[in-house]
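First the structure, in the form of structure tokens, and then the observations on it.
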Amino acid sequence: MAVVVDPLPEMSLYLKAPENYGLNLSYVIDTHIHADHLSGAKALADLTGAELVMHQLSPLQVSFTPVTDGDRLVLGTVEVNIWHTPGHTPEYISLVVTDRRRGPEPWCVLTGHTLMVGDAGRPDLLPGDGSLALYHSLFDRLAALPDYVEIYPGAYAGST
């Protein structure tokens, strides 16, 4: 089983990588509605038969599997825990990954644009002010992770 997170429209890599390892693409996850690029998530899910996964607050008008804080996706020995980390957008999710072969504790977290290298996601892209929500997502959730958890930001500073 394999997962693709926040795919761009060019899909050749997303199709070749699972095939090269003898895996089936099970899930395509969009962490949020992207304002800075076109998402290839829906097209990739349609092409492969994988489930398109987004937070239940997503305003998309397409069919997707809704998730909320605390939901889990299981891929063999790997578990993806959904954390609702709003601020950049109201429906934003981060993915806390545990590989039970390594142990019972989380191994890494994919933060997408909630946390970037040297920066955080802009809270002003949508109506309203996501600043307080972003603060809580960054400091009450992500910064509270143990030091051994690897943090993977989704972009470089200033990219969104």
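Ordering of the structure tokens sets the chain letters (A, B, ...), residue numbers begin anew at 1 in every chain, and ligands are numbered from 1 in the order given.
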
(message) Could you list, as a VMD selection string, every residue within 10 Å of A:Asp124, counting only C-alpha atoms and ignoring same-chain residues fewer than 5 positions away?
(response) chain A and resid 87 to 89 129 to 131

Grab the residues selected above and save them as a compact mmCIF listing (two decimals), in the first residue's frame with N, CA and C atoms.
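Final file, selection.txt:
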```txt
# COMPACT_ATOMS: atom_id res chain seq x y z
N GLY A 87 -5.41 26.99 10.27
CA GLY A 87 -4.69 28.26 10.36
C GLY A 87 -4.33 28.76 8.98
N HIS A 88 -3.58 27.94 8.23
CA HIS A 88 -3.29 28.29 6.83
C HIS A 88 -4.60 28.28 6.06
N THR A 89 -5.40 27.26 6.29
CA THR A 89 -6.78 27.19 5.82
C THR A 89 -7.59 26.50 6.92
N ASP A 129 -9.67 35.52 9.95
CA ASP A 129 -8.29 35.55 10.42
C ASP A 129 -7.95 34.21 11.03
N GLY A 130 -7.04 33.48 10.41
CA GLY A 130 -6.64 32.18 10.91
C GLY A 130 -5.45 32.23 11.83
N SER A 131 -5.03 33.43 12.25
CA SER A 131 -3.81 33.58 13.05
C SER A 131 -3.86 32.81 14.36
```

(request) Identify, on the basis of only C-alpha atoms, every residue whose closest approach to A:Ile33 does not exceed 12 Å; exclude the query and any residue fewer than 2 positions from it along the same chain; express the result as an NGL selection string. (result) :A and (6-7 or 29-31 or 35-42 or 53-61 or 86 or 88-93 or 112-113 or 125-126)

(request) Go through A:His34, A:Glu79, A:Glu51, A:Gly103 and flag the residue nearest A:Pro66, using only C-alpha atoms for the distances. (result)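 Closest candidate: A:Glu51.
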
(request) Determine the nearest neighbour of A:Gly22 from the options A:Ala120, A:Leu145, A:Ala2, A:Val74, counting only C-alpha atoms. (result)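 Of all the options, A:Ala2 lies closest to A:Gly22.
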
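Atom CA of A:Ser94 is positioned 9.5 Å from atom CA of A:Ser137.
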
(request) Write out as a PyMOL selection string all residues of chain A that backbone DSSP assigns to strand (DSSP E). (result) chain A and resi 2-5+25-29+51-55+65-67+72-75+78-84+93-99+108-112+115-116+119-120+150-153

Dump of N, CA and C atoms for the selected residues, as a CSV table (one decimal), in the first residue's frame:
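What follows is the written file part.csv:
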```csv
chain,number,residue,atom,x,y,z
A,2,ALA,N,0.4,2.3,-0.7
A,2,ALA,CA,1.2,3.5,-0.8
A,2,ALA,C,0.2,4.7,-0.7
A,3,VAL,N,0.8,5.9,-0.3
A,3,VAL,CA,0.0,7.1,-0.2
A,3,VAL,C,0.8,8.2,-0.9
A,4,VAL,N,0.0,9.1,-1.6
A,4,VAL,CA,0.6,10.3,-2.2
A,4,VAL,C,-0.1,11.5,-1.5
A,5,VAL,N,0.7,12.4,-1.0
A,5,VAL,CA,0.2,13.6,-0.3
A,5,VAL,C,0.5,14.8,-1.2
A,25,LEU,N,-1.4,2.1,-4.9
A,25,LEU,CA,-1.7,3.4,-4.4
A,25,LEU,C,-3.1,3.3,-3.7
A,26,SER,N,-3.1,3.4,-2.4
A,26,SER,CA,-4.4,3.3,-1.6
A,26,SER,C,-5.0,4.6,-1.4
A,27,TYR,N,-4.3,5.6,-1.1
A,27,TYR,CA,-4.8,6.9,-0.7
A,27,TYR,C,-4.1,8.0,-1.4
A,28,VAL,N,-4.9,9.0,-1.8
A,28,VAL,CA,-4.3,10.3,-2.3
A,28,VAL,C,-4.9,11.3,-1.3
A,29,ILE,N,-4.0,12.0,-0.6
A,29,ILE,CA,-4.4,13.0,0.4
A,29,ILE,C,-4.1,14.4,0.0
A,51,GLU,N,-8.4,6.1,-2.9
A,51,GLU,CA,-9.4,7.0,-2.2
A,51,GLU,C,-8.8,8.4,-2.1
A,52,LEU,N,-9.6,9.4,-2.4
A,52,LEU,CA,-9.2,10.8,-2.2
A,52,LEU,C,-9.6,11.2,-0.8
A,53,VAL,N,-8.7,11.7,0.0
A,53,VAL,CA,-8.9,11.9,1.4
A,53,VAL,C,-8.7,13.4,1.6
A,54,MET,N,-9.6,14.1,2.3
A,54,MET,CA,-9.5,15.5,2.8
A,54,MET,C,-10.2,15.6,4.1
A,55,HIS,N,-10.0,16.7,4.8
A,55,HIS,CA,-10.7,17.0,6.0
A,55,HIS,C,-12.2,17.3,5.7
A,65,THR,N,-13.2,11.1,0.6
A,65,THR,CA,-13.4,10.4,1.9
A,65,THR,C,-13.1,11.5,3.0
A,66,PRO,N,-14.1,11.9,3.7
A,66,PRO,CA,-13.8,13.0,4.8
A,66,PRO,C,-13.2,12.4,6.0
A,67,VAL,N,-12.2,13.1,6.5
A,67,VAL,CA,-11.5,12.7,7.8
A,67,VAL,C,-11.6,13.9,8.7
A,72,ARG,N,-7.6,7.6,11.5
A,72,ARG,CA,-6.4,6.9,11.2
A,72,ARG,C,-6.6,6.2,9.9
A,73,LEU,N,-5.5,6.2,9.1
A,73,LEU,CA,-5.4,5.4,7.9
A,73,LEU,C,-4.4,4.4,8.1
A,74,VAL,N,-4.7,3.1,7.9
A,74,VAL,CA,-3.8,2.0,8.2
A,74,VAL,C,-3.3,1.4,6.9
A,75,LEU,N,-2.0,1.4,6.7
A,75,LEU,CA,-1.3,0.8,5.5
A,75,LEU,C,-0.3,-0.3,6.0
A,78,VAL,N,2.2,0.6,8.8
A,78,VAL,CA,2.2,2.0,8.9
A,78,VAL,C,0.8,2.6,9.2
A,79,GLU,N,0.8,3.5,10.2
A,79,GLU,CA,-0.4,4.2,10.6
A,79,GLU,C,-0.3,5.7,10.4
A,80,VAL,N,-1.3,6.3,9.7
A,80,VAL,CA,-1.3,7.7,9.4
A,80,VAL,C,-2.4,8.3,10.3
A,81,ASN,N,-2.0,9.1,11.3
A,81,ASN,CA,-3.0,9.7,12.2
A,81,ASN,C,-3.2,11.1,11.7
A,82,ILE,N,-4.5,11.5,11.5
A,82,ILE,CA,-4.9,12.8,11.0
A,82,ILE,C,-5.0,13.7,12.2
A,83,TRP,N,-4.3,14.8,12.0
A,83,TRP,CA,-4.4,16.0,13.0
A,83,TRP,C,-5.0,17.1,12.3
A,84,HIS,N,-6.0,17.7,12.8
A,84,HIS,CA,-6.6,18.9,12.2
A,84,HIS,C,-5.7,20.1,12.7
A,93,ILE,N,-5.0,19.7,7.4
A,93,ILE,CA,-4.6,18.6,8.2
A,93,ILE,C,-3.1,18.3,8.1
A,94,SER,N,-2.5,17.8,9.2
A,94,SER,CA,-1.1,17.3,9.2
A,94,SER,C,-1.2,15.8,9.4
A,95,LEU,N,-0.2,15.1,9.0
A,95,LEU,CA,-0.2,13.6,9.0
A,95,LEU,C,0.9,13.1,9.9
A,96,VAL,N,0.5,12.5,11.0
A,96,VAL,CA,1.4,12.0,12.0
A,96,VAL,C,1.6,10.5,11.7
A,97,VAL,N,2.8,10.1,11.3
A,97,VAL,CA,3.1,8.7,10.8
A,97,VAL,C,3.8,7.9,11.8
A,98,THR,N,3.2,6.7,12.1
A,98,THR,CA,3.9,5.7,13.0
A,98,THR,C,4.1,4.5,12.1
A,99,ASP,N,5.3,4.0,12.2
A,99,ASP,CA,5.7,2.7,11.6
A,99,ASP,C,5.9,1.7,12.7
A,108,CYS,N,7.3,10.4,12.2
A,108,CYS,CA,7.4,11.7,11.6
A,108,CYS,C,6.0,12.3,11.4
A,109,VAL,N,6.1,13.6,11.1
A,109,VAL,CA,4.8,14.3,10.8
A,109,VAL,C,5.0,15.1,9.5
A,110,LEU,N,4.0,15.0,8.6
A,110,LEU,CA,4.0,15.7,7.3
A,110,LEU,C,3.1,16.9,7.6
A,111,THR,N,3.7,18.1,7.6
A,111,THR,CA,3.0,19.3,8.0
A,111,THR,C,2.4,20.1,6.8
A,112,GLY,N,2.9,19.7,5.6
A,112,GLY,CA,2.4,20.5,4.5
A,112,GLY,C,2.8,22.0,4.7
A,115,LEU,N,3.6,24.2,8.5
A,115,LEU,CA,4.9,24.6,8.9
A,115,LEU,C,5.8,24.5,7.6
A,116,MET,N,6.6,25.5,7.4
A,116,MET,CA,7.5,25.5,6.2
A,116,MET,C,8.9,25.7,6.8
A,119,ASP,N,9.4,29.3,8.1
A,119,ASP,CA,8.2,30.0,8.0
A,119,ASP,C,7.0,29.2,8.4
A,120,ALA,N,5.9,29.8,8.4
A,120,ALA,CA,4.6,29.0,8.6
A,120,ALA,C,3.6,29.5,7.5
A,150,GLU,N,10.5,13.3,13.5
A,150,GLU,CA,11.0,14.1,12.4
A,150,GLU,C,9.8,14.9,11.8
A,151,ILE,N,10.1,16.2,11.6
A,151,ILE,CA,9.1,17.1,11.1
A,151,ILE,C,9.5,17.4,9.6
A,152,TYR,N,8.5,17.2,8.8
A,152,TYR,CA,8.7,17.4,7.3
A,152,TYR,C,7.7,18.6,6.9
A,153,PRO,N,8.3,19.7,6.6
A,153,PRO,CA,7.5,20.8,6.1
A,153,PRO,C,7.2,20.6,4.6
```

(request) Compare A:Val149, A:Ala50, A:Leu138, A:Ala144 by their minimum atom-to-atom distance to A:Asn24, counting only C-alpha atoms, and give me the closest one. (result)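 Distance minimum relative to A:Asn24 lands on A:Ala50.
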
(message) Can you tell me, as a list in words, which residues in stretch 14-105 of chain A count as helix (DSSP H, G or I) by DSSP?
(response) Tyr14, Leu15, Lys16, Ala17, Pro18, Glu19, Asn20, Ala41, Lys42, Ala43, Leu44, Ala45, Asp46, Leu47 and Thr48 of chain A

(message) Let me make sure I understand: among A:Ala143, A:Met11, A:Leu23, A:Val117, which one has the smallest atom-to-atom distance to A:Asp46 if we use only C-alpha atoms?
(response)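 Among the listed residues, the smallest separation from A:Asp46 belongs to A:Met11.
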
(request) May I ask for the distance between atom CA of A:Asp140 and atom CA of A:Pro104, given in Å to one decimal place? (result)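 We find that atom CA of A:Asp140 and atom CA of A:Pro104 lie 21.7 Å from each other.
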
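From atom CA of A:Thr114 back to atom CA of A:Arg141, the distance works out to 11.2 Å.
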
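Of the listed residues A:Gly121, A:Tyr148, A:Gly76, A:His136, the one whose atoms come nearest to A:Arg100 is A:Gly76, with distances taken using only C-alpha atoms.
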